[in-house]
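Novice: As input, take input-v6.cif (mmCIF, C-alpha atoms):
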data_entry
#
loop_
_atom_site.label_atom_id
_atom_site.label_comp_id
_atom_site.auth_asym_id
_atom_site.auth_seq_id
_atom_site.Cartn_x
_atom_site.Cartn_y
_atom_site.Cartn_z
CA MET A 82 -28.99 91.14 -143.86
CA ALA A 83 -27.87 92.58 -140.52
CA LYS A 84 -25.02 95.04 -140.73
CA GLU A 85 -21.97 94.03 -138.69
CA THR A 86 -19.94 97.24 -138.38
CA PHE A 87 -21.10 100.76 -139.19
CA LYS A 88 -18.81 103.19 -140.95
CA ILE A 89 -18.51 106.68 -139.44
CA LEU A 90 -16.81 109.64 -141.14
CA ILE A 91 -15.46 112.30 -138.78
CA CYS A 92 -14.66 115.66 -140.34
CA ASP A 93 -12.85 118.15 -138.11
CA ASP A 94 -9.65 120.10 -138.74
CA SER A 95 -8.41 119.29 -135.23
CA ILE A 96 -6.57 115.99 -134.89
CA LEU A 97 -7.41 116.14 -131.17
CA VAL A 98 -11.17 116.39 -131.78
CA ARG A 99 -11.06 113.50 -134.26
CA LYS A 100 -9.19 111.37 -131.74
CA LYS A 101 -11.51 112.26 -128.83
CA LEU A 102 -14.64 111.69 -130.93
CA LYS A 103 -13.38 108.29 -132.06
CA GLU A 104 -12.62 107.32 -128.44
CA ALA A 105 -16.02 108.51 -127.22
CA LEU A 106 -17.95 106.77 -130.02
CA SER A 107 -15.96 103.57 -129.47
CA LEU A 108 -17.45 103.44 -125.96
CA CYS A 109 -20.89 103.06 -127.62
CA SER A 110 -20.01 100.27 -130.07
CA THR A 111 -17.42 99.07 -132.54
CA PHE A 112 -17.18 101.24 -135.63
CA GLU A 113 -15.02 101.64 -138.67
CA PHE A 114 -13.78 105.23 -138.72
CA LEU A 115 -12.88 107.45 -141.63
CA GLU A 116 -11.31 110.87 -141.10
CA ALA A 117 -11.19 114.18 -142.94
CA GLY A 118 -9.46 117.41 -141.90
CA ASP A 119 -11.39 119.69 -144.28
CA GLY A 120 -14.76 119.92 -146.02
CA GLN A 121 -13.58 118.96 -149.52
CA THR A 122 -11.82 115.82 -148.28
CA ALA A 123 -14.99 114.89 -146.36
CA VAL A 124 -17.12 115.16 -149.55
CA ASP A 125 -14.58 113.11 -151.52
CA ILE A 126 -14.42 110.39 -148.86
CA TYR A 127 -18.22 110.30 -148.57
CA LYS A 128 -18.63 109.76 -152.32
CA LYS A 129 -16.11 106.94 -152.29
CA GLU A 130 -16.97 105.21 -149.02
CA LYS A 131 -20.67 105.99 -148.41
CA PRO A 132 -20.35 105.98 -144.59
CA ASP A 133 -23.43 105.28 -142.44
CA LEU A 134 -23.02 108.46 -140.39
CA VAL A 135 -21.00 111.68 -140.65
CA PHE A 136 -19.88 114.00 -137.85
CA MET A 137 -19.14 117.38 -139.38
CA ASP A 138 -17.52 120.46 -137.87
CA LEU A 139 -18.62 123.83 -139.28
CA VAL A 140 -15.48 125.97 -139.17
CA ILE A 141 -13.06 123.93 -141.28
CA PRO A 142 -10.58 124.81 -144.03
CA VAL A 143 -10.95 124.56 -147.82
CA LYS A 144 -14.73 124.03 -147.81
CA ASP A 145 -16.83 124.98 -144.77
CA GLY A 146 -19.07 122.47 -143.00
CA ILE A 147 -22.41 123.77 -144.34
CA THR A 148 -21.21 123.64 -147.97
CA ALA A 149 -19.83 120.15 -147.39
CA VAL A 150 -23.18 118.97 -145.95
CA LYS A 151 -25.04 120.40 -148.97
CA GLU A 152 -22.73 118.60 -151.40
CA ILE A 153 -22.99 115.33 -149.51
CA LYS A 154 -26.82 115.61 -149.49
CA GLU A 155 -26.85 116.42 -153.22
CA PHE A 156 -24.86 113.25 -153.84
CA ASP A 157 -26.91 111.12 -151.41
CA ASP A 158 -30.24 112.39 -150.15
CA ASP A 159 -30.27 109.66 -147.45
CA ALA A 160 -26.93 110.78 -145.96
CA LEU A 161 -27.01 111.16 -142.18
CA VAL A 162 -24.89 114.15 -141.14
CA VAL A 163 -24.57 115.30 -137.54
CA ILE A 164 -22.99 118.72 -136.96
CA ALA A 165 -20.52 118.80 -134.04
CA SER A 166 -19.44 122.39 -133.57
CA SER A 167 -18.60 124.83 -130.80
CA SER A 168 -20.48 127.50 -132.71
CA GLY A 169 -24.13 126.55 -132.15
CA THR A 170 -25.60 129.95 -132.96
CA GLN A 171 -29.22 130.26 -134.10
CA GLU A 172 -28.00 131.16 -137.57
CA ASN A 173 -25.69 128.15 -137.82
CA LEU A 174 -28.46 125.91 -136.51
CA LYS A 175 -30.86 127.15 -139.20
CA LYS A 176 -28.24 126.81 -141.93
CA ALA A 177 -27.35 123.29 -140.81
CA ILE A 178 -30.98 122.13 -140.83
CA LYS A 179 -31.58 123.77 -144.20
CA ALA A 180 -28.49 122.05 -145.61
CA GLY A 181 -29.91 118.71 -144.47
CA ALA A 182 -28.08 117.92 -141.20
CA VAL A 183 -30.09 115.60 -138.94
CA GLU A 184 -28.66 116.73 -135.58
CA PHE A 185 -26.55 119.52 -134.07
CA ILE A 186 -24.21 118.79 -131.16
CA GLN A 187 -22.62 121.77 -129.42
CA LYS A 188 -19.03 121.17 -128.31
CA PRO A 189 -17.97 120.19 -125.73
CA TRP A 190 -20.21 117.19 -126.20
CA GLU A 191 -21.56 114.95 -123.46
CA GLN A 192 -21.11 111.20 -123.84
CA GLU A 193 -24.88 110.79 -123.53
CA GLN A 194 -25.44 113.01 -126.58
CA LEU A 195 -23.23 110.75 -128.68
CA GLU A 196 -24.92 107.63 -127.33
CA ASN A 197 -28.31 109.09 -128.25
CA VAL A 198 -27.15 109.87 -131.78
CA VAL A 199 -25.77 106.36 -132.22
CA LYS A 200 -29.00 104.81 -130.88
CA LYS A 201 -31.16 107.04 -133.05
CA PHE A 202 -29.37 106.69 -136.36
CA LEU A 203 -27.39 103.47 -136.27
CA LYS A 204 -29.60 100.51 -135.53
CA LYS A 205 -28.16 97.04 -135.83
CA GLY A 206 -30.00 94.85 -138.30
CA GLU A 207 -31.09 97.68 -140.56
CA MET B 286 -9.70 133.97 -107.86
CA PHE B 287 -10.49 136.81 -105.42
CA THR B 288 -8.24 135.20 -102.77
CA GLN B 289 -5.19 135.82 -104.98
CA TYR B 290 -6.32 139.38 -105.76
CA PHE B 291 -6.77 140.21 -102.09
CA GLY B 292 -3.49 138.48 -101.21
CA ASN B 293 -1.65 140.49 -103.88
CA TYR B 294 -3.30 143.67 -102.60
CA LEU B 295 -2.03 142.95 -99.07
CA LEU B 296 1.41 142.30 -100.56
CA ASN B 297 1.45 145.51 -102.61
CA LYS B 298 0.27 147.55 -99.64
CA GLY B 299 3.09 146.18 -97.51
CA TYR B 300 0.97 144.18 -95.06
CA LEU B 301 2.84 141.01 -96.05
CA THR B 302 6.05 139.73 -97.57
CA PRO B 303 5.88 137.41 -100.60
CA LYS B 304 7.01 134.53 -98.35
CA GLN B 305 4.22 135.22 -95.83
CA LEU B 306 1.64 135.37 -98.62
CA HIS B 307 2.87 132.11 -100.10
CA GLU B 308 2.79 130.37 -96.69
CA GLY B 309 -0.63 131.86 -95.92
CA LEU B 310 -2.11 130.54 -99.18
CA GLU B 311 -0.58 127.13 -98.49
CA GLN B 312 -2.25 126.89 -95.09
CA ILE B 313 -5.75 127.97 -96.12
CA LYS B 314 -7.15 124.46 -96.28
CA ASP B 315 -6.17 123.68 -92.67
CA THR B 316 -7.72 126.82 -91.22
CA ARG B 317 -10.93 127.18 -89.22
CA LEU B 318 -12.68 130.44 -89.90
CA LYS B 319 -13.65 132.31 -86.73
CA LEU B 320 -16.62 134.59 -86.20
CA GLY B 321 -14.49 137.69 -85.59
CA VAL B 322 -13.04 137.75 -89.11
CA LEU B 323 -16.48 136.98 -90.59
CA ALA B 324 -18.16 139.78 -88.61
CA VAL B 325 -15.50 142.35 -89.56
CA ASN B 326 -15.65 141.32 -93.24
CA ALA B 327 -19.43 141.68 -93.24
CA GLY B 328 -19.10 145.10 -91.62
CA TYR B 329 -21.28 144.01 -88.65
CA MET B 330 -18.50 144.52 -86.07
CA THR B 331 -15.33 146.55 -85.85
CA ALA B 332 -12.01 144.90 -84.99
CA GLU B 333 -12.13 146.76 -81.67
CA GLU B 334 -15.52 145.25 -80.83
CA THR B 335 -14.31 141.75 -81.61
CA GLU B 336 -11.39 142.30 -79.23
CA LYS B 337 -13.80 143.35 -76.48
CA VAL B 338 -15.74 140.13 -77.05
CA ASN B 339 -12.50 138.13 -76.94
CA GLU B 340 -11.62 139.84 -73.64
CA ALA B 341 -15.09 139.07 -72.24
CA GLN B 342 -14.65 135.43 -73.26
CA LYS B 343 -11.72 135.20 -70.82
CA LYS B 344 -14.08 136.02 -67.93
CA HIS B 345 -17.24 134.23 -69.06
CA ASP B 346 -17.48 130.71 -70.36
CA LYS B 347 -19.61 131.67 -73.36
CA ARG B 348 -19.35 131.43 -77.09
CA PHE B 349 -18.21 134.43 -79.18
CA GLY B 350 -21.60 134.81 -80.88
CA GLU B 351 -23.56 134.60 -77.66
CA LEU B 352 -21.41 137.29 -76.04
CA ALA B 353 -21.49 139.53 -79.14
CA ILE B 354 -25.30 139.50 -78.95
CA GLU B 355 -25.31 140.16 -75.19
CA MET B 356 -22.91 143.08 -75.70
CA GLY B 357 -25.15 144.49 -78.44
CA TYR B 358 -22.70 144.11 -81.34
CA LEU B 359 -24.67 141.52 -83.28
CA ASN B 360 -28.33 140.53 -83.51
CA GLU B 361 -29.65 136.97 -83.81
CA GLU B 362 -30.26 137.32 -87.52
CA GLN B 363 -26.71 138.55 -88.24
CA LEU B 364 -25.21 135.75 -86.14
CA GLU B 365 -27.30 133.17 -88.01
CA GLU B 366 -26.13 134.64 -91.33
CA LEU B 367 -22.45 134.61 -90.30
CA LEU B 368 -22.63 131.04 -89.04
CA SER B 369 -24.12 129.82 -92.30
CA SER B 370 -21.89 131.91 -94.58
CA GLN B 371 -19.50 130.36 -97.07
CA LYS B 372 -15.84 129.77 -96.29
CA LEU B 373 -14.57 132.47 -98.64
CA GLY B 374 -10.92 132.12 -99.63
CA HIS B 375 -9.80 135.65 -98.80
CA LEU B 376 -11.25 135.27 -95.30
CA LEU B 377 -9.46 131.97 -94.76
CA LEU B 378 -6.24 133.68 -95.87
CA SER B 379 -6.89 136.54 -93.46
CA GLN B 380 -7.63 134.09 -90.66
CA VAL B 381 -4.29 132.33 -91.27
CA LEU B 382 -2.48 135.68 -91.19
CA VAL B 383 -4.24 136.77 -87.99
CA ASP B 384 -3.65 133.38 -86.33
CA LYS B 385 0.05 133.51 -87.22
CA GLY B 386 0.33 137.05 -85.88
CA ILE B 387 1.33 138.44 -89.30
CA MET B 388 -1.66 140.77 -89.33
CA THR B 389 -3.92 142.05 -86.59
CA LEU B 390 -7.67 142.06 -86.96
CA GLN B 391 -7.47 145.88 -87.01
CA GLU B 392 -5.13 145.71 -89.99
CA PHE B 393 -7.47 143.26 -91.72
CA GLU B 394 -10.39 145.66 -91.14
CA LYS B 395 -8.31 148.56 -92.49
CA ALA B 396 -7.19 146.56 -95.53
CA ILE B 397 -10.75 145.49 -96.42
CA ASN B 398 -12.00 149.08 -96.18
CA GLU B 399 -9.04 150.44 -98.16
CA TYR B 400 -9.57 147.77 -100.79
CA LYS B 401 -13.23 148.71 -101.30
CA ARG B 402 -12.30 152.40 -101.44
CA ASP B 403 -9.30 151.98 -103.80
CA TYR B 404 -11.35 150.06 -106.35
CA SER B 405 -14.61 152.01 -105.75
CA ILE B 406 -16.39 148.78 -104.82
CA SER B 407 -19.88 149.04 -103.37
CA ASP B 408 -21.00 146.57 -100.69
CA GLU B 409 -23.17 144.84 -103.29
CA GLU B 410 -20.27 144.55 -105.75
CA PHE B 411 -17.97 143.31 -102.97
CA GLU B 412 -20.53 140.63 -102.12
CA ALA B 413 -20.29 139.35 -105.73
CA ILE B 414 -16.51 139.76 -106.06
CA GLN B 415 -15.67 137.90 -102.86
CA LYS B 416 -17.75 134.97 -104.12
CA ASP B 417 -15.58 134.86 -107.25
CA ASP B 418 -18.24 136.28 -109.55
CA ILE B 419 -15.96 136.42 -112.58
CA ASN B 420 -18.09 138.88 -114.54
CA GLU B 421 -17.92 141.32 -111.63
CA ILE B 422 -14.17 140.75 -111.15
CA VAL B 423 -13.42 141.36 -114.84
CA ASN B 424 -15.74 144.36 -114.91
CA LYS B 425 -14.02 145.92 -111.92
CA PHE B 426 -10.37 145.05 -112.52
CA THR B 427 -9.88 145.20 -116.30
CA LYS B 428 -9.87 148.20 -118.59
CA PHE B 429 -9.64 148.24 -122.38
CA GLU B 430 -8.64 151.83 -122.89
CA GLY B 431 -9.55 153.30 -126.24
CA SER B 432 -11.73 150.37 -127.27
CA LYS B 433 -15.09 151.05 -128.86
CA ASN B 434 -16.27 147.61 -127.75
CA GLU B 435 -15.14 147.62 -124.11
CA THR B 436 -18.26 145.85 -122.77
CA ILE B 437 -17.94 143.11 -125.38
CA LEU B 438 -14.21 142.69 -124.68
CA LYS B 439 -14.95 142.39 -120.96
CA ASP B 440 -17.59 139.73 -121.71
CA TYR B 441 -15.03 137.96 -123.91
CA ILE B 442 -12.39 137.94 -121.15
CA ALA B 443 -14.86 136.92 -118.42
CA LEU B 444 -15.91 133.96 -120.58
CA PHE B 445 -12.26 133.13 -121.30
CA ALA B 446 -11.51 133.14 -117.56
CA LYS B 447 -14.47 130.84 -116.91
CA ASN B 448 -13.37 128.45 -119.68
CA LEU B 449 -9.79 128.47 -118.35
CA ILE B 450 -11.07 127.56 -114.89
CA ARG B 451 -13.45 124.94 -116.29
CA PHE B 452 -11.08 123.18 -118.70
CA ILE B 453 -7.49 124.04 -117.79
CA ASP B 454 -6.76 125.28 -114.29
CA ARG B 455 -9.00 126.09 -111.32
CA GLU B 456 -6.34 128.49 -110.04
CA ALA B 457 -6.32 130.75 -113.12
CA VAL B 458 -6.09 134.44 -112.19
CA ILE B 459 -6.15 137.52 -114.44
CA THR B 460 -3.09 139.59 -113.62
CA GLU B 461 -3.10 142.55 -116.02
CA VAL B 462 -4.41 144.10 -119.22
CA THR B 463 -1.95 146.09 -121.31
CA LYS B 464 -2.27 147.82 -124.64
CA LEU B 465 0.75 147.28 -126.88
CA GLU B 466 1.71 148.79 -130.21
CA ASP B 467 4.09 145.96 -131.09
CA TYR B 468 4.43 142.50 -129.65
CA GLU B 469 6.28 139.36 -130.69
CA CYS B 470 4.45 136.14 -129.86
CA GLN B 471 6.48 133.07 -129.02
CA PHE B 472 3.95 130.29 -129.60
CA ALA B 473 0.43 131.30 -130.50
CA ALA B 474 -2.91 129.84 -131.58
CA LEU B 475 -4.84 132.35 -133.68
CA GLN B 476 -8.47 132.63 -134.73
CA ASP B 477 -10.27 135.54 -136.36
CA ILE B 478 -13.80 136.56 -135.48
CA LYS B 479 -15.54 138.45 -138.26
CA GLY B 480 -18.73 140.43 -138.75
CA GLU B 481 -20.21 143.51 -137.13
CA ILE B 482 -17.37 143.19 -134.60
CA SER B 483 -14.03 141.96 -135.94
CA LEU B 484 -11.41 140.57 -133.58
CA ALA B 485 -8.17 138.68 -134.11
CA THR B 486 -7.73 136.47 -131.04
CA TYR B 487 -4.57 134.68 -129.91
CA ILE B 488 -3.58 132.41 -127.05
CA GLU B 489 0.11 133.05 -126.60
CA THR B 490 2.75 131.68 -124.25
CA ASP B 491 6.24 130.16 -124.04
CA GLU B 492 7.01 126.64 -125.22
CA ASP B 493 6.86 124.98 -121.80
CA SER B 494 3.52 126.54 -120.81
CA PHE B 495 2.13 125.83 -124.30
CA ILE B 496 2.86 122.11 -123.88
CA LYS B 497 1.46 122.03 -120.33
CA PHE B 498 -1.67 123.93 -121.42
CA ALA B 499 -2.11 121.52 -124.34
CA SER B 500 -1.69 118.51 -122.01
CA LYS B 501 -4.39 119.81 -119.67
CA TYR B 502 -6.96 120.39 -122.41
CA ALA B 503 -6.16 117.15 -124.26
CA GLU B 504 -6.12 115.25 -120.93
CA GLU B 505 -2.95 113.58 -122.18
CA ASP B 506 0.66 113.76 -121.11
CA LEU B 507 2.16 115.67 -124.05
CA THR B 508 5.91 116.17 -123.83
CA SER B 509 6.76 118.12 -126.98
CA LEU B 510 5.26 120.83 -129.12
CA ASN B 511 3.90 118.40 -131.72
CA GLU B 512 0.80 118.33 -133.93
CA MET B 513 -1.40 117.15 -131.04
CA ALA B 514 -0.19 119.97 -128.76
CA GLU B 515 -0.90 122.56 -131.45
CA ALA B 516 -4.32 121.02 -132.10
CA SER B 517 -5.12 121.07 -128.41
CA VAL B 518 -4.42 124.77 -127.78
CA GLY B 519 -6.02 125.65 -131.12
CA GLU B 520 -9.15 123.67 -130.25
CA PHE B 521 -9.43 125.31 -126.85
CA LEU B 522 -9.41 128.72 -128.56
CA ASN B 523 -11.94 127.44 -131.10
CA LEU B 524 -14.20 126.11 -128.34
CA HIS B 525 -13.98 129.36 -126.40
CA ASN B 526 -14.66 131.52 -129.45
CA GLY B 527 -17.54 129.27 -130.47
CA ILE B 528 -19.21 129.69 -127.07
CA PHE B 529 -18.57 133.45 -127.30
CA LEU B 530 -20.29 133.53 -130.70
CA VAL B 531 -23.29 131.66 -129.25
CA ASN B 532 -23.53 134.13 -126.34
CA ILE B 533 -23.28 137.15 -128.58
CA SER B 534 -25.74 135.62 -131.04
CA ASN B 535 -28.24 135.56 -128.17
CA GLN B 536 -27.81 139.36 -128.03
CA GLY B 537 -28.78 139.54 -131.71
CA ILE B 538 -25.25 139.90 -133.14
CA GLU B 539 -24.25 137.20 -135.62
CA LEU B 540 -20.50 136.72 -136.03
CA LYS B 541 -18.39 134.17 -137.89
CA MET B 542 -14.99 132.71 -137.18
CA THR B 543 -12.16 131.34 -139.29
CA PRO B 544 -10.39 128.00 -138.76
CA GLN B 545 -7.77 128.25 -136.01
CA GLU B 546 -4.07 128.25 -136.84
CA VAL B 547 -0.89 127.90 -134.77
CA TYR B 548 2.22 130.03 -135.27
CA ARG B 549 5.73 130.01 -133.85
CA THR B 550 7.11 133.54 -133.53
CA ILE B 551 4.68 136.00 -135.03
CA LYS B 552 4.67 139.79 -134.74
CA VAL B 553 1.40 141.53 -133.94
CA ASP B 554 0.54 145.19 -133.49
CA ASN B 555 -2.04 147.31 -131.67
CA ILE B 556 -3.23 144.58 -129.35
CA TYR B 557 -4.68 144.25 -125.89
CA LYS B 558 -2.67 141.67 -123.93
CA VAL B 559 -4.59 140.06 -121.07
CA SER B 560 -2.28 138.00 -118.86
CA PHE B 561 -3.28 135.06 -116.70
CA ASP B 562 -1.30 133.30 -113.99
CA LEU B 563 -1.87 129.56 -114.01
CA SER B 564 -0.60 126.97 -111.56
CA PHE B 565 1.95 125.80 -114.17
CA GLY B 566 2.93 129.07 -115.87
CA LYS B 567 1.59 132.17 -117.55
CA ILE B 568 -0.49 132.63 -120.68
CA ASN B 569 -1.69 135.68 -122.56
CA ILE B 570 -4.80 136.18 -124.59
CA LEU B 571 -4.19 138.81 -127.25
CA ILE B 572 -7.03 140.70 -128.91
CA LYS B 573 -6.71 142.96 -131.91
CA GLU B 574 -9.77 144.93 -132.90
CA GLY B 575 -10.47 145.05 -136.64
#
Show me the file's structure as structure tokens.
Specialist:
Amino acid sequence: MAKETFKILICDDSILVRKKLKEALSLCSTFEFLEAGDGQTAVDIYKKEKPDLVFMDLVIPVKDGITAVKEIKEFDDDALVVIASSSGTQENLKKAIKAGAVEFIQKPWEQEQLENVVKKFLKKGE
Amino acid sequence: MFTQYFGNYLLNKGYLTPKQLHEGLEQIKDTRLKLGVLAVNAGYMTAEETEKVNEAQKKHDKRFGELAIEMGYLNEEQLEELLSSQKLGHLLLSQVLVDKGIMTLQEFEKAINEYKRDYSISDEEFEAIQKDDINEIVNKFTKFEGSKNETILKDYIALFAKNLIRFIDREAVITEVTKLEDYECQFAALQDIKGEISLATYIETDEDSFIKFASKYAEEDLTSLNEMAEASVGEFLNLHNGIFLVNISNQGIELKMTPQEVYRTIKVDNIYKVSFDLSFGKINILIKEG
């Protein structure tokens, strides 16, 4: 059965980033958004809500982004987690891929990058 | 950025009054740059030679460049280069001042030469500085006395200036670097950078400038120092530090950063305070080496 609305979890400690990311993604399609301000809350929400896609910052309180990605992937090996961070160092890139992230977007993002992620991972009818 | 530096230099050296500088900067956009100022700035002609050409123009119906070549002051190649050169801000300012009779071309020539000498600027460095090469400006005009990481701090500040210009205010200008033993911040976003090099970094300002800064970065009209304003300034610092970490990672140094926080009234010690003038106020970036 075709899926009507995808659920996206945005994890970033900045209320501004969460707002801007929601606005930018809403230009691509209509989504249901879930929000977390730290890594632990993101893991808890993921387990409860099973969102279709996660945008995860790396430098966040309580539990950092890489640990949160690992825990989400342990819970659900099919989880799709995109890292959106200003700190796209080689080391962070390697860690993110090893943890199971499917994409790494360096802030500030371009609208086209978000559109590509949405097209690549969220296909209607799947 | 260099336009403001040169303007302030003229002010400090007594060539101008603050009112004249302000009016000169206001009129830059309506000014047509003439070959005389360009030729003196490039060091191809002296002010005296340009005056001789101007005098000759009164007798012969010829263009300045044509006469300058005939009189042996310029060659074809130099003229071509001057005609195709960029409209640099400090030259437009100088043109306004010369046109208004505030400065003579001789004084402009003297000021340019004094400027290069006072700051030990080579012709090559001046070429970069006058084109607003921020790395060169920061390298030449900032000093982090006593720091064991001065090159890295200069890179950090040059990047900060570029990010300010890119995201907040095209008119951002570095005004001074001071080393302070004690300082009380009014409103500050803080983020620590840790690793081989440890830095505590702060963006600090007064309430009004904090809100205006936050509004610019958030691209929203924020009117009070609320959660969104704090998030905005904090995120700008986070973005800047993230890019800095990427740059330094490319040099083989891996650093980490902590989540950003915002404080109201916090005392700090042993910091470098780098001040910036913005079109809507002043901000400081504070750096404490670990």
Novice: At a cut-off of 9 Å, using all atoms listed in the file, what residues contact Glu196 in chain A? Leave out same-chain residues fewer than 4 positions from it and give the result as a PDB file with C-alpha atoms, in the frame of the given file.
Specialist:
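What landed in out.pdb:
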ATOM      1  CA  ALA A 105     -16.020 108.510-127.220  1.00  0.00           C
ATOM      2  CA  LEU A 106     -17.950 106.770-130.020  1.00  0.00           C
ATOM      3  CA  LEU A 108     -17.450 103.440-125.960  1.00  0.00           C
ATOM      4  CA  CYS A 109     -20.890 103.060-127.620  1.00  0.00           C
ATOM      5  CA  GLU A 191     -21.560 114.950-123.460  1.00  0.00           C
ATOM      6  CA  GLN A 192     -21.110 111.200-123.840  1.00  0.00           C
ATOM      7  CA  LYS A 200     -29.000 104.810-130.880  1.00  0.00           C
ATOM      8  CA  LYS A 201     -31.160 107.040-133.050  1.00  0.00           C
TER       9      LYS A 201
END
Novice: Quick one: distance from CA of Ile89 in chain A to CA of Ile147 in chain A in Å, one decimal?
Specialist: 18.2 Å
Novice: Rounded to one decimal, what separation in Å do you get between CA of Asp408 in chain B and CA of Phe561 in chain B?
Specialist: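 One can read the CA of Asp408 in chain B to CA of Phe561 in chain B distance as 26.5 Å.
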Novice: At what distance in Å, to one decimal, does CA of Ile528 in chain B lie from CA of Glu492 in chain B?
Specialist: 26.5 Å
Novice: Counting only C-alpha atoms, figure out which residue out of A:Lys88, A:Lys188, A:Lys204, A:Lys176 gets nearest to chain B.
Specialist: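 Under the stated criterion, the closest residue is A:Lys188.
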Novice: Sort by chain and increasing residue number a table of all residues of chain B within 12 Å of chain A, each with its closest pair of atoms and their distance in Å to one decimal, counting only C-alpha atoms, and write it as CSV.
Specialist:
residue,atom,partner,partner_atom,distance
B:Asn448,CA,A:Pro189,CA,11.2
B:Arg451,CA,A:Pro189,CA,11.5
B:Phe452,CA,A:Pro189,CA,10.3
B:Gln476,CA,A:Val140,CA,10.6
B:Asp477,CA,A:Val140,CA,11.3
B:Ile478,CA,A:Val140,CA,11.3
B:Ala499,CA,A:Leu97,CA,10.2
B:Ser500,CA,A:Leu97,CA,11.1
B:Tyr502,CA,A:Leu97,CA,9.7
B:Ala503,CA,A:Leu97,CA,7.1
B:Glu504,CA,A:Lys101,CA,10.0
B:Glu505,CA,A:Leu97,CA,10.4
B:Leu507,CA,A:Leu97,CA,11.9
B:Asn511,CA,A:Ile96,CA,11.2
B:Glu512,CA,A:Ile96,CA,7.8
B:Met513,CA,A:Leu97,CA,6.1
B:Ala514,CA,A:Leu97,CA,8.5
B:Glu515,CA,A:Ser95,CA,9.0
B:Ala516,CA,A:Ser95,CA,5.4
B:Ser517,CA,A:Leu97,CA,6.1
B:Val518,CA,A:Leu97,CA,9.7
B:Gly519,CA,A:Ser95,CA,7.9
B:Glu520,CA,A:Ser95,CA,6.7
B:Phe521,CA,A:Ser167,CA,10.0
B:Leu522,CA,A:Ser167,CA,10.2
B:Asn523,CA,A:Ser167,CA,7.2
B:Leu524,CA,A:Ser167,CA,5.2
B:His525,CA,A:Ser167,CA,7.8
B:Asn526,CA,A:Ser168,CA,7.8
B:Gly527,CA,A:Ser168,CA,4.1
B:Ile528,CA,A:Ser167,CA,6.2
B:Phe529,CA,A:Ser168,CA,8.3
B:Leu530,CA,A:Ser168,CA,6.4
B:Val531,CA,A:Thr170,CA,4.7
B:Asn532,CA,A:Thr170,CA,8.1
B:Ile533,CA,A:Thr170,CA,8.7
B:Ser534,CA,A:Thr170,CA,6.0
B:Asn535,CA,A:Thr170,CA,7.8
B:Gln536,CA,A:Thr170,CA,10.9
B:Gly537,CA,A:Gln171,CA,9.6
B:Ile538,CA,A:Thr170,CA,10.0
B:Glu539,CA,A:Glu172,CA,7.4
B:Leu540,CA,A:Thr170,CA,9.0
B:Lys541,CA,A:Ser168,CA,8.7
B:Met542,CA,A:Val140,CA,7.0
B:Thr543,CA,A:Val140,CA,6.3
B:Pro544,CA,A:Ile141,CA,5.5
B:Gln545,CA,A:Ile141,CA,8.6
B:Glu546,CA,A:Asp94,CA,10.1
B:Val547,CA,A:Ser95,CA,11.4
Novice: For Tyr404 in chain B, please output as an MDAnalysis selection string all residues within 12 Å (counting only C-alpha atoms; exclusion window: fewer than 3 positions along the same chain).
Specialist: chainID B and resid 290:291 294 397:401 407:408 410:411 414 422 424:427
Novice: Check what the PyMOL selection byres ((chain B and resi 461) around 12) selects in the file above and give those residues as a list of chain:residue names.
Specialist: B:Tyr290, B:Val423, B:Phe426, B:Thr427, B:Lys428, B:Phe429, B:Ile442, B:Val458, B:Ile459, B:Thr460, B:Val462, B:Thr463, B:Lys464, B:Tyr557, B:Lys558, B:Val559, B:Ser560, B:Phe561, B:Asp562, B:Lys567, B:Ile568, B:Asn569, B:Ile570, B:Leu571
Novice: Would you list the residues near (-19.3, 113.7, -152.3), meaning any protein, DNA or RNA residue with an atom at most 10 Å from that point in file coordinates, counting only C-alpha atoms, as a ChimeraX atom specification?
Specialist: /A:120-131,149-157
Novice: Produce the centre coordinates and the three edge lengths, each in Å to one decimal, of the box along x, y and z that contains all listed atoms of range 112-131 of chain A with 3 Å added on each side, as AutoDock Vina command-line options.
Specialist:
--center_x -15.1 --center_y 110.6 --center_z -144.0 --size_x 17.2 --size_y 24.7 --size_z 22.7
Novice: Looking at only C-alpha atoms, which of A:Asp138, A:Asp133, A:Glu85, A:Asp158 is the one that sits closest to Phe202 in chain A?
Specialist: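 Looking at the shortest contact to Phe202 in chain A, the residue is A:Asp133.
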Novice: Could you give me, as a list in words, the residues within 9 Å of Glu184 in chain A, counting all atoms listed in the file and dropping anything in the same chain fewer than 3 positions from it?
Specialist: Leu161, Val162, Val163, Ile164, Ala165, Ala177, Ile178 and Val198 of chain A
Novice: Would you be able to write out as a PyMOL selection string which residues have an atom within 8 Å of (-14.7, 106.6, -135.6) in the file's coordinates, counting only C-alpha atoms?
Specialist: chain A and resi 88-91+99+102-104+106-107+112-116
Novice: Do you know which residues the PyMOL selection byres ((chain B and resi 316) around 8) returns on this file, as number ranges by chain?
Specialist: B: 312-315, 317-318, 377, 380-381
Novice: For Gly374 in chain B, which of B:Gly431, B:Gly480, B:Gly309, B:Gly566 is the closest residue, counting only C-alpha atoms?
Specialist: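 So, comparing all the options, the nearest one is B:Gly309.
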Novice: Using only C-alpha atoms, determine which residues lie at most 8 Å from Phe472 in chain B, disregarding the query and same-chain residues fewer than 3 positions distant; provide the list as an MDAnalysis selection string.
Specialist: chainID B and resid 489:492 495 547:551
